[in-house]
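Have a look at target.cif; it's mmCIF, C-alpha atoms:
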data_run
#
loop_
_atom_site.label_atom_id
_atom_site.label_comp_id
_atom_site.auth_asym_id
_atom_site.auth_seq_id
_atom_site.Cartn_x
_atom_site.Cartn_y
_atom_site.Cartn_z
CA MET A 16 64.30 -78.72 51.17
CA ARG A 17 61.16 -76.85 50.04
CA LEU A 18 63.44 -74.39 48.22
CA ALA A 19 64.60 -77.15 45.87
CA TYR A 20 61.04 -77.41 44.58
CA VAL A 21 60.31 -73.69 44.53
CA ILE A 22 63.40 -72.55 42.64
CA PRO A 23 62.88 -74.61 39.45
CA LEU A 24 59.22 -73.65 39.43
CA ALA A 25 60.05 -69.96 39.86
CA LEU A 26 62.69 -70.17 37.12
CA PHE A 27 60.22 -71.91 34.85
CA VAL A 28 57.63 -69.19 35.40
CA VAL A 29 60.15 -66.37 34.84
CA ILE A 30 61.60 -67.92 31.68
CA GLY A 31 58.13 -68.85 30.43
CA LEU A 32 56.84 -65.32 30.90
CA GLY A 33 59.94 -63.88 29.26
CA LEU A 34 59.53 -66.11 26.23
CA ALA A 35 55.79 -65.41 26.09
CA VAL A 36 56.48 -61.68 25.90
CA GLY A 37 59.19 -62.34 23.32
CA LEU A 38 56.70 -64.17 21.13
CA THR A 39 54.48 -61.11 20.89
CA LEU A 40 57.32 -58.88 19.69
CA ASN A 41 57.84 -58.28 16.01
CA PRO A 42 61.44 -59.19 15.11
CA ARG A 43 61.19 -56.97 12.04
CA ASP A 44 60.68 -53.88 14.19
CA ILE A 45 64.14 -52.43 14.40
CA PRO A 46 64.36 -49.44 16.70
CA SER A 47 65.40 -46.48 14.60
CA ALA A 48 68.70 -44.91 15.52
CA LEU A 49 67.54 -41.60 14.07
CA ILE A 50 64.53 -40.77 16.22
CA GLY A 51 65.17 -37.51 18.04
CA LYS A 52 68.06 -36.72 15.74
CA PRO A 53 68.15 -34.10 12.99
CA VAL A 54 67.52 -35.31 9.45
CA PRO A 55 70.76 -36.15 7.64
CA GLU A 56 72.41 -33.58 5.39
CA PHE A 57 71.39 -34.30 1.83
CA SER A 58 70.27 -32.70 -1.38
CA LEU A 59 68.46 -34.64 -4.07
CA PRO A 60 67.39 -33.62 -7.57
CA PRO A 61 63.70 -33.87 -8.50
CA VAL A 62 62.38 -37.03 -10.15
CA GLN A 63 61.86 -36.99 -13.88
CA GLY A 64 59.21 -34.56 -15.07
CA ARG A 65 59.05 -32.67 -11.78
CA THR A 66 60.76 -29.51 -10.67
CA GLN A 67 61.01 -29.73 -6.88
CA GLY A 68 63.85 -31.80 -5.46
CA LEU A 69 64.30 -32.49 -1.78
CA SER A 70 67.06 -31.36 0.56
CA THR A 71 67.68 -30.91 4.27
CA ALA A 72 66.67 -27.23 4.18
CA ASP A 73 63.21 -28.17 2.87
CA LEU A 74 62.56 -30.02 6.12
CA LYS A 75 63.57 -27.15 8.41
CA THR A 76 60.91 -24.66 7.45
CA GLY A 77 59.34 -24.42 10.89
CA GLN A 78 56.45 -26.58 9.74
CA PRO A 79 56.28 -30.31 10.53
CA SER A 80 56.35 -32.56 7.50
CA LEU A 81 56.04 -36.15 6.39
CA VAL A 82 58.73 -37.88 4.35
CA ASN A 83 57.65 -41.01 2.53
CA VAL A 84 60.34 -43.33 1.17
CA PHE A 85 58.90 -45.11 -1.84
CA ALA A 86 59.73 -46.76 -5.14
CA SER A 87 57.72 -47.74 -8.16
CA TRP A 88 59.07 -51.30 -7.91
CA CYS A 89 57.81 -51.65 -4.36
CA VAL A 90 54.47 -53.41 -4.14
CA PRO A 91 53.54 -52.36 -0.55
CA CYS A 92 54.11 -48.74 -1.67
CA ARG A 93 51.22 -49.18 -4.04
CA VAL A 94 49.14 -50.53 -1.16
CA GLU A 95 49.71 -47.51 1.06
CA HIS A 96 49.47 -44.99 -1.79
CA PRO A 97 45.73 -44.25 -1.48
CA LEU A 98 46.22 -43.49 2.21
CA ILE A 99 48.96 -41.02 1.43
CA MET A 100 46.71 -39.37 -1.16
CA ALA A 101 44.04 -39.13 1.56
CA LEU A 102 46.55 -37.60 3.97
CA LYS A 103 47.43 -35.02 1.35
CA ARG A 104 43.75 -34.08 1.06
CA GLU A 105 43.58 -33.68 4.84
CA ASN A 106 46.25 -31.02 4.47
CA LEU A 107 47.82 -31.76 7.86
CA ALA A 108 51.39 -31.23 6.78
CA PRO A 109 53.42 -31.09 3.59
CA ILE A 110 54.24 -34.59 2.36
CA HIS A 111 57.53 -35.12 0.61
CA GLY A 112 58.72 -38.15 -1.31
CA LEU A 113 62.11 -39.82 -1.19
CA ASN A 114 62.23 -41.95 -4.29
CA TYR A 115 64.53 -44.84 -3.41
CA LYS A 116 66.64 -46.56 -6.09
CA ASP A 117 64.16 -46.14 -8.87
CA ASP A 118 64.18 -45.89 -12.61
CA PRO A 119 63.40 -42.26 -13.64
CA ALA A 120 60.85 -43.24 -16.29
CA ASP A 121 59.16 -45.81 -14.03
CA VAL A 122 58.65 -43.43 -11.13
CA ALA A 123 57.34 -40.68 -13.43
CA LYS A 124 54.80 -43.12 -14.82
CA TRP A 125 53.91 -44.38 -11.34
CA LEU A 126 53.20 -40.87 -10.05
CA ASP A 127 51.32 -39.87 -13.20
CA GLN A 128 49.08 -42.93 -13.12
CA LEU A 129 48.40 -43.28 -9.41
CA GLY A 130 48.48 -39.63 -8.46
CA ASP A 131 51.25 -37.54 -6.93
CA PRO A 132 50.75 -36.83 -3.20
CA PHE A 133 54.14 -35.16 -2.81
CA ILE A 134 55.09 -31.51 -2.77
CA ARG A 135 58.75 -32.27 -3.24
CA THR A 136 60.22 -35.54 -4.44
CA GLY A 137 63.93 -36.28 -4.29
CA ALA A 138 65.36 -38.92 -6.58
CA ASP A 139 67.82 -41.10 -4.68
CA ARG A 140 69.11 -43.09 -7.63
CA ASN A 141 71.92 -44.97 -5.88
CA GLY A 142 70.24 -45.27 -2.47
CA ARG A 143 72.95 -43.44 -0.55
CA VAL A 144 70.62 -40.84 0.94
CA GLY A 145 68.30 -43.69 1.91
CA ILE A 146 71.15 -45.30 3.84
CA ASP A 147 71.87 -41.97 5.57
CA TRP A 148 68.23 -42.02 6.65
CA GLY A 149 68.65 -45.56 7.95
CA VAL A 150 66.24 -46.96 5.38
CA TYR A 151 66.26 -50.75 5.13
CA GLY A 152 62.95 -51.55 3.54
CA VAL A 153 60.61 -49.47 1.46
CA PRO A 154 58.13 -48.07 2.16
CA GLU A 155 59.18 -46.13 5.23
CA THR A 156 57.53 -42.98 6.52
CA PHE A 157 59.18 -40.37 8.70
CA VAL A 158 57.51 -37.63 10.70
CA VAL A 159 59.81 -34.61 10.88
CA ASP A 160 59.19 -31.62 13.13
CA GLY A 161 59.57 -28.00 12.05
CA ASN A 162 63.22 -27.89 13.12
CA GLY A 163 64.11 -30.85 10.97
CA GLN A 164 64.22 -33.40 13.78
CA ILE A 165 62.98 -36.90 13.10
CA VAL A 166 60.13 -37.58 15.51
CA CYS A 167 58.79 -40.88 14.29
CA LYS A 168 59.54 -43.60 11.80
CA HIS A 169 57.12 -46.12 10.40
CA VAL A 170 58.51 -49.12 8.55
CA GLY A 171 56.35 -50.92 6.02
CA PRO A 172 53.14 -49.81 4.36
CA LEU A 173 50.98 -47.39 6.30
CA MET A 174 47.62 -48.81 7.25
CA GLN A 175 44.55 -46.83 8.18
CA ASN A 176 45.19 -47.76 11.79
CA ASP A 177 48.75 -46.36 11.69
CA VAL A 178 47.47 -43.10 10.27
CA ASP A 179 44.70 -42.85 12.87
CA THR A 180 46.75 -43.80 15.91
CA LYS A 181 50.22 -42.53 15.03
CA ILE A 182 50.69 -40.21 12.09
CA ARG A 183 47.66 -37.94 12.36
CA PRO A 184 47.72 -37.36 16.14
CA LEU A 185 51.46 -36.79 16.01
CA LEU A 186 51.18 -34.21 13.24
CA GLN A 187 48.31 -32.51 15.08
CA ASP A 188 50.36 -32.38 18.30
CA LEU A 189 53.37 -31.02 16.44
CA ALA A 190 51.28 -28.38 14.70
CA ALA A 191 49.78 -27.33 18.03
CA GLY A 192 53.23 -27.28 19.58
CA ARG A 193 52.32 -29.64 22.41
CA GLN A 194 54.18 -32.62 23.79
CA SER A 195 52.87 -35.70 22.02
CA LYS A 196 51.87 -38.86 23.84
CA VAL A 197 52.07 -40.89 20.64
CA LYS A 198 54.52 -43.76 20.93
CA CYS A 199 56.74 -44.42 17.99
CA MET B 18 99.19 -80.51 -20.99
CA LEU B 19 95.64 -79.36 -21.59
CA LYS B 20 94.41 -81.54 -18.73
CA LEU B 21 97.05 -80.14 -16.44
CA LEU B 22 96.09 -76.59 -17.36
CA THR B 23 92.41 -77.29 -16.86
CA ALA B 24 93.11 -78.78 -13.46
CA LEU B 25 95.24 -75.80 -12.58
CA PHE B 26 92.55 -73.32 -13.58
CA LEU B 27 89.88 -75.24 -11.71
CA PHE B 28 91.91 -75.11 -8.54
CA ALA B 29 92.78 -71.47 -9.04
CA ALA B 30 89.06 -70.67 -9.34
CA LEU B 31 87.99 -72.48 -6.17
CA PRO B 32 88.72 -69.84 -3.52
CA ALA B 33 86.67 -67.27 -5.43
CA VAL B 34 83.45 -69.26 -5.19
CA ALA B 35 82.11 -67.76 -1.99
CA GLN B 36 83.08 -64.16 -2.65
CA HIS B 37 81.13 -61.27 -4.00
CA LEU B 38 83.16 -60.14 -6.93
CA GLU B 39 81.99 -56.55 -7.16
CA ASP B 40 84.23 -53.67 -6.13
CA ARG B 41 87.10 -55.69 -4.85
CA LEU B 42 89.79 -53.44 -3.42
CA ALA B 43 93.21 -53.42 -5.05
CA ASP B 44 95.03 -53.49 -1.72
CA PRO B 45 94.69 -57.03 -0.29
CA ALA B 46 95.12 -55.83 3.30
CA GLN B 47 92.30 -53.33 2.90
CA GLU B 48 90.17 -55.94 1.15
CA THR B 49 90.67 -58.35 4.06
CA ARG B 50 89.74 -55.66 6.56
CA ALA B 51 86.65 -54.69 4.59
CA ARG B 52 85.60 -58.31 4.45
CA GLU B 53 86.13 -58.85 8.16
CA LEU B 54 84.11 -55.73 8.95
CA SER B 55 81.35 -56.86 6.62
CA ARG B 56 81.17 -60.11 8.52
CA GLU B 57 80.42 -58.17 11.71
CA LEU B 58 77.57 -56.20 10.21
CA ARG B 59 74.04 -57.47 10.09
CA CYS B 60 72.07 -57.41 6.89
CA LEU B 61 68.95 -55.42 7.76
CA VAL B 62 66.82 -57.17 5.21
CA CYS B 63 67.60 -60.77 6.09
CA GLN B 64 68.44 -60.03 9.72
CA ASN B 65 70.45 -63.10 10.66
CA GLN B 66 73.00 -62.92 7.91
CA SER B 67 75.98 -60.66 7.80
CA ILE B 68 76.18 -58.26 4.88
CA GLU B 69 79.15 -60.30 3.69
CA ASP B 70 76.93 -63.37 3.34
CA SER B 71 73.84 -61.71 2.02
CA ASN B 72 72.78 -61.18 -1.56
CA ALA B 73 70.26 -58.46 -0.74
CA PRO B 74 70.77 -55.23 -2.71
CA LEU B 75 70.98 -53.23 0.52
CA ALA B 76 73.74 -55.55 1.78
CA ARG B 77 75.64 -54.90 -1.46
CA ASP B 78 75.28 -51.15 -0.96
CA LEU B 79 76.48 -51.46 2.62
CA ARG B 80 79.49 -53.55 1.57
CA ARG B 81 80.34 -50.80 -0.87
CA ILE B 82 80.14 -48.23 1.92
CA VAL B 83 82.38 -50.32 4.15
CA ARG B 84 84.98 -50.47 1.37
CA GLU B 85 84.74 -46.73 0.80
CA ARG B 86 85.29 -46.01 4.47
CA VAL B 87 88.22 -48.42 4.61
CA VAL B 88 89.83 -46.75 1.59
CA ALA B 89 89.15 -43.33 3.14
CA GLY B 90 91.37 -44.47 6.02
CA ASP B 91 88.73 -44.97 8.72
CA SER B 92 89.66 -47.20 11.64
CA ASP B 93 87.59 -50.34 12.18
CA GLY B 94 85.69 -48.63 14.99
CA ALA B 95 84.95 -45.61 12.81
CA VAL B 96 83.55 -47.79 10.01
CA LEU B 97 81.23 -49.57 12.44
CA ASP B 98 80.26 -46.22 14.01
CA TYR B 99 79.31 -44.90 10.59
CA LEU B 100 76.69 -47.63 10.26
CA VAL B 101 75.63 -47.61 13.91
CA GLN B 102 74.78 -43.92 13.52
CA ARG B 103 72.38 -44.80 10.73
CA TYR B 104 70.99 -48.15 11.80
CA GLY B 105 71.65 -48.29 15.53
CA GLU B 106 73.50 -50.87 17.62
CA TRP B 107 71.33 -53.43 15.96
CA VAL B 108 73.56 -53.64 12.83
CA LEU B 109 76.36 -55.06 14.91
CA LEU B 110 76.22 -58.85 14.98
CA LYS B 111 78.45 -58.64 18.03
CA PRO B 112 76.82 -55.98 20.22
CA ARG B 113 79.06 -53.62 22.12
CA PHE B 114 79.24 -53.74 25.87
CA ASN B 115 77.16 -50.89 27.28
CA THR B 116 74.31 -50.18 29.68
CA GLN B 117 71.79 -51.72 27.27
CA THR B 118 73.72 -54.89 26.52
CA PHE B 119 75.43 -55.70 29.81
CA LEU B 120 72.79 -58.30 30.70
CA LEU B 121 73.31 -59.96 27.35
CA TRP B 122 77.05 -60.20 27.92
CA LEU B 123 77.02 -60.98 31.62
CA GLY B 124 73.90 -63.16 31.59
CA PRO B 125 75.68 -66.49 31.06
CA VAL B 126 78.22 -65.71 33.81
CA LEU B 127 75.48 -64.60 36.19
CA LEU B 128 73.44 -67.74 35.47
CA LEU B 129 76.49 -69.91 35.98
CA MET B 130 77.18 -68.19 39.31
CA LEU B 131 73.54 -68.60 40.34
CA GLY B 132 73.54 -72.28 39.44
CA GLY B 133 76.91 -72.80 41.12
CA GLY B 134 75.63 -71.03 44.23
CA ILE B 135 72.56 -73.23 44.41
CA VAL B 136 74.56 -76.42 43.96
CA PHE B 137 77.10 -75.22 46.55
CA THR B 138 74.53 -74.40 49.23
CA LEU B 139 72.62 -77.64 48.67
CA TYR B 140 75.84 -79.60 48.83
CA ARG B 141 76.94 -77.87 52.01
CA ARG B 142 73.59 -78.32 53.65
CA GLN B 143 73.74 -82.02 52.89
CA ALA B 144 77.30 -82.32 54.20
CA LYS B 145 76.32 -80.58 57.43
CA ALA B 146 73.19 -82.66 58.03
CA PRO B 147 73.90 -85.15 60.85
CA VAL B 148 74.04 -88.68 59.60
CA ALA B 149 71.40 -90.62 61.52
CA ALA B 150 73.20 -92.91 63.94
CA ALA B 151 72.72 -96.49 62.95
CA ALA B 152 70.35 -98.23 65.34
CA ALA B 153 71.88 -101.16 67.11
CA LEU B 154 70.77 -104.57 65.91
CA ASN B 155 68.23 -106.35 67.98
CA ALA B 156 68.83 -109.92 69.07
CA GLU B 157 67.01 -111.52 66.15
CA GLU B 158 68.96 -109.43 63.59
CA GLN B 159 72.24 -110.24 65.31
CA ARG B 160 71.47 -113.93 65.17
CA ARG B 161 70.70 -113.80 61.43
CA LEU B 162 73.85 -111.80 60.74
CA ASP B 163 76.00 -114.30 62.61
CA ALA B 164 74.38 -117.16 60.73
CA LEU B 165 75.13 -115.50 57.40
CA LEU B 166 78.72 -114.81 58.33
CA GLN B 167 79.24 -118.35 59.51
CA ASP B 168 77.73 -119.63 56.32
CA ASP B 169 80.21 -117.53 54.40
CA GLU B 170 83.15 -118.80 56.42
CA ALA B 171 82.06 -122.40 55.98
CA ARG B 172 81.85 -122.00 52.18
CA LYS B 173 85.47 -120.83 52.04
#

Spit out the file's structure as structure tokens when you get a sec.
Amino acid sequence: MRLAYVIPLALFVVIGLGLAVGLTLNPRDIPSALIGKPVPEFSLPPVQGRTQGLSTADLKTGQPSLVNVFASWCVPCRVEHPLIMALKRENLAPIHGLNYKDDPADVAKWLDQLGDPFIRTGADRNGRVGIDWGVYGVPETFVVDGNGQIVCKHVGPLMQNDVDTKIRPLLQDLAAGRQSKVKC
Amino acid sequence: MLKLLTALFLFAALPAVAQHLEDRLADPAQETRARELSRELRCLVCQNQSIEDSNAPLARDLRRIVRERVVAGDSDGAVLDYLVQRYGEWVLLKPRFNTQTFLLWLGPVLLLMLGGGIVFTLYRRQAKAPVAAAAALNAEEQRRLDALLQDDEARK
């Protein structure tokens, strides 16, 4: 009859531990379906006042790159913007912008006022390219390797910690051509 | 007459209340399919609503895509695949049965079997346990029992 006491206790412990682990997970972290896959086929015109649009070929140059999905109407984008400017100054990899569902005049003003960290910026007026990239909340940042494969996706504004522990080491590993231990 | 017309129009308007009016498809069969598919797709912004129920701009864009795929002649599976490719299994409110989700689907059955098994073994163990033979009454007990029974008889 000992078993009758042990089983409920064991079940309680197992369920309790399971729920405890569940509590520490972030329900907003949706695993990206695109990691390890090539970037979608797309071609976007430049944003107003700029000459370089963004297309699939621009991400298959043999050099790893960063693609930042942003919009002038997105407040967290403004928060992460100084960090992206700093990344540009570090010159680790070309940074490209995917301007998601934005007003042409607004985004031009946004980039002029805050500074433009992007080499190429594609204007995704209707958001269709964003959907092909699996974007569900701006800002999102993708690390793409030289062959145009998506290596990592960060959802939400980049924080210094994300840059230090994820983005920078990953770009350095990619540039050096070594297997990266960074978890995405 | 005016009252009747008003009443008629009010009733005619009722079913439209809960629908998103944008981009409705001309073909009612296709529209129904698109709507059923939209009910199976999770809104990525609000997470526990389907894109059919959500007002988020992304949900609207996704509904539009569902309608486009339906008009393009995609099967239901192909429409869902189109979104799974972009957003992963997670967009499906009803996850498909595969190596990642088998526990989710079979969990309740497994738990039921486990619980049933436990109840069954406990029950069987109890059934098998020898019932302790009733000890014979000693003289004093026998005397009291007889007295009680006699008492009972007398009362009748």

| Expansion of the PyMOL selection byres ((chain B) within 10 of (chain A)) into residues, as a VMD selection string | chain B and resid 60 to 64 74 to 76 78 to 79 82 99 to 108 135 139 142

Could those selected residues go to a file with C-alpha atoms, as a CSV table (one decimal), in the frame of the given file?
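Final output, saved to again_8.csv:
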chain,number,residue,atom,x,y,z
B,60,CYS,CA,72.1,-57.4,6.9
B,61,LEU,CA,69.0,-55.4,7.8
B,62,VAL,CA,66.8,-57.2,5.2
B,63,CYS,CA,67.6,-60.8,6.1
B,64,GLN,CA,68.4,-60.0,9.7
B,74,PRO,CA,70.8,-55.2,-2.7
B,75,LEU,CA,71.0,-53.2,0.5
B,76,ALA,CA,73.7,-55.6,1.8
B,78,ASP,CA,75.3,-51.2,-1.0
B,79,LEU,CA,76.5,-51.5,2.6
B,82,ILE,CA,80.1,-48.2,1.9
B,99,TYR,CA,79.3,-44.9,10.6
B,100,LEU,CA,76.7,-47.6,10.3
B,101,VAL,CA,75.6,-47.6,13.9
B,102,GLN,CA,74.8,-43.9,13.5
B,103,ARG,CA,72.4,-44.8,10.7
B,104,TYR,CA,71.0,-48.2,11.8
B,105,GLY,CA,71.6,-48.3,15.5
B,106,GLU,CA,73.5,-50.9,17.6
B,107,TRP,CA,71.3,-53.4,16.0
B,108,VAL,CA,73.6,-53.6,12.8
B,135,ILE,CA,72.6,-73.2,44.4
B,139,LEU,CA,72.6,-77.6,48.7
B,142,ARG,CA,73.6,-78.3,53.6

| In Å, with one decimal, what is the gap from atom CA of Ala138 of chain A to atom CA of Pro109 of chain A? |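 Atom-to-atom, atom CA of Ala138 of chain A and atom CA of Pro109 of chain A are spaced 17.5 Å apart.
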
| said: With the PyMOL selection byres ((chain A and resi 179-185) around 9) as the selection, what would be picked from this file? Answer as number ranges by chain, please. | reply: A: 81, 102, 107, 158, 166-167, 169, 174-178, 186-190, 195-199

| field | Residues selected by the PyMOL selection byres ((chain B and resi 38-48) around 8), written as a ChimeraX atom specification | value | /B:36-37,49-52,81,84,87-88

| message | Can you measure atom CA of Val144 of chain A to atom CA of Phe57 of chain A for me? One decimal in Å is fine. | response |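 These atoms are spaced 6.6 Å apart.
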
| query | What is the distance between atom CA of Arg86 of chain B and atom CA of Leu58 of chain B, in Å to one decimal? | reply |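 The value is 14.0 Å.
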
| query | Between A:Ala25, A:Ile134, A:Leu98, A:Ala120, which one has atoms that come closest to Gln63 of chain A, using only C-alpha atoms? | reply | A:Ala120

Could I see segment 118-135 of chain A restored to N, CA and C atoms, set down as an mmCIF file, in the coordinates of the input?
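Done, and the output landed in rebuild-v4.cif:
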data_model
loop_
_atom_site.group_PDB
_atom_site.id
_atom_site.type_symbol
_atom_site.label_atom_id
_atom_site.label_comp_id
_atom_site.auth_asym_id
_atom_site.auth_seq_id
_atom_site.Cartn_x
_atom_site.Cartn_y
_atom_site.Cartn_z
ATOM 1 N N ASP A 118 63.935 -46.271 -11.243
ATOM 2 C CA ASP A 118 64.180 -45.890 -12.610
ATOM 3 C C ASP A 118 63.407 -44.597 -12.898
ATOM 4 N N PRO A 119 64.058 -43.571 -13.469
ATOM 5 C CA PRO A 119 63.400 -42.260 -13.640
ATOM 6 C C PRO A 119 62.076 -42.355 -14.406
ATOM 7 N N ALA A 120 62.071 -43.148 -15.481
ATOM 8 C CA ALA A 120 60.850 -43.240 -16.290
ATOM 9 C C ALA A 120 59.748 -43.968 -15.517
ATOM 10 N N ASP A 121 60.146 -45.021 -14.783
ATOM 11 C CA ASP A 121 59.160 -45.810 -14.030
ATOM 12 C C ASP A 121 58.466 -44.972 -12.964
ATOM 13 N N VAL A 122 59.251 -44.185 -12.226
ATOM 14 C CA VAL A 122 58.650 -43.430 -11.130
ATOM 15 C C VAL A 122 57.766 -42.313 -11.683
ATOM 16 N N ALA A 123 58.174 -41.719 -12.813
ATOM 17 C CA ALA A 123 57.340 -40.680 -13.430
ATOM 18 C C ALA A 123 55.984 -41.275 -13.812
ATOM 19 N N LYS A 124 56.037 -42.466 -14.403
ATOM 20 C CA LYS A 124 54.800 -43.120 -14.820
ATOM 21 C C LYS A 124 53.935 -43.468 -13.605
ATOM 22 N N TRP A 125 54.594 -43.972 -12.579
ATOM 23 C CA TRP A 125 53.910 -44.380 -11.340
ATOM 24 C C TRP A 125 53.150 -43.200 -10.748
ATOM 25 N N LEU A 126 53.828 -42.050 -10.644
ATOM 26 C CA LEU A 126 53.200 -40.870 -10.050
ATOM 27 C C LEU A 126 52.102 -40.314 -10.946
ATOM 28 N N ASP A 127 52.328 -40.391 -12.274
ATOM 29 C CA ASP A 127 51.320 -39.870 -13.200
ATOM 30 C C ASP A 127 50.051 -40.721 -13.146
ATOM 31 N N GLN A 128 50.244 -42.029 -13.071
ATOM 32 C CA GLN A 128 49.080 -42.930 -13.120
ATOM 33 C C GLN A 128 48.323 -42.974 -11.801
ATOM 34 N N LEU A 129 49.066 -43.076 -10.700
ATOM 35 C CA LEU A 129 48.400 -43.280 -9.410
ATOM 36 C C LEU A 129 48.045 -41.965 -8.722
ATOM 37 N N GLY A 130 48.683 -40.908 -9.127
ATOM 38 C CA GLY A 130 48.480 -39.630 -8.460
ATOM 39 C C GLY A 130 49.708 -39.274 -7.651
ATOM 40 N N ASP A 131 50.032 -37.996 -7.594
ATOM 41 C CA ASP A 131 51.250 -37.540 -6.930
ATOM 42 C C ASP A 131 50.896 -36.812 -5.638
ATOM 43 N N PRO A 132 51.108 -37.465 -4.468
ATOM 44 C CA PRO A 132 50.750 -36.830 -3.200
ATOM 45 C C PRO A 132 51.836 -35.891 -2.684
ATOM 46 N N PHE A 133 52.977 -35.824 -3.388
ATOM 47 C CA PHE A 133 54.140 -35.160 -2.810
ATOM 48 C C PHE A 133 54.297 -33.724 -3.298
ATOM 49 N N ILE A 134 54.751 -32.861 -2.376
ATOM 50 C CA ILE A 134 55.090 -31.510 -2.770
ATOM 51 C C ILE A 134 56.474 -31.503 -3.402
ATOM 52 N N ARG A 135 57.405 -32.130 -2.706
ATOM 53 C CA ARG A 135 58.750 -32.270 -3.240
ATOM 54 C C ARG A 135 59.082 -33.751 -3.307
#
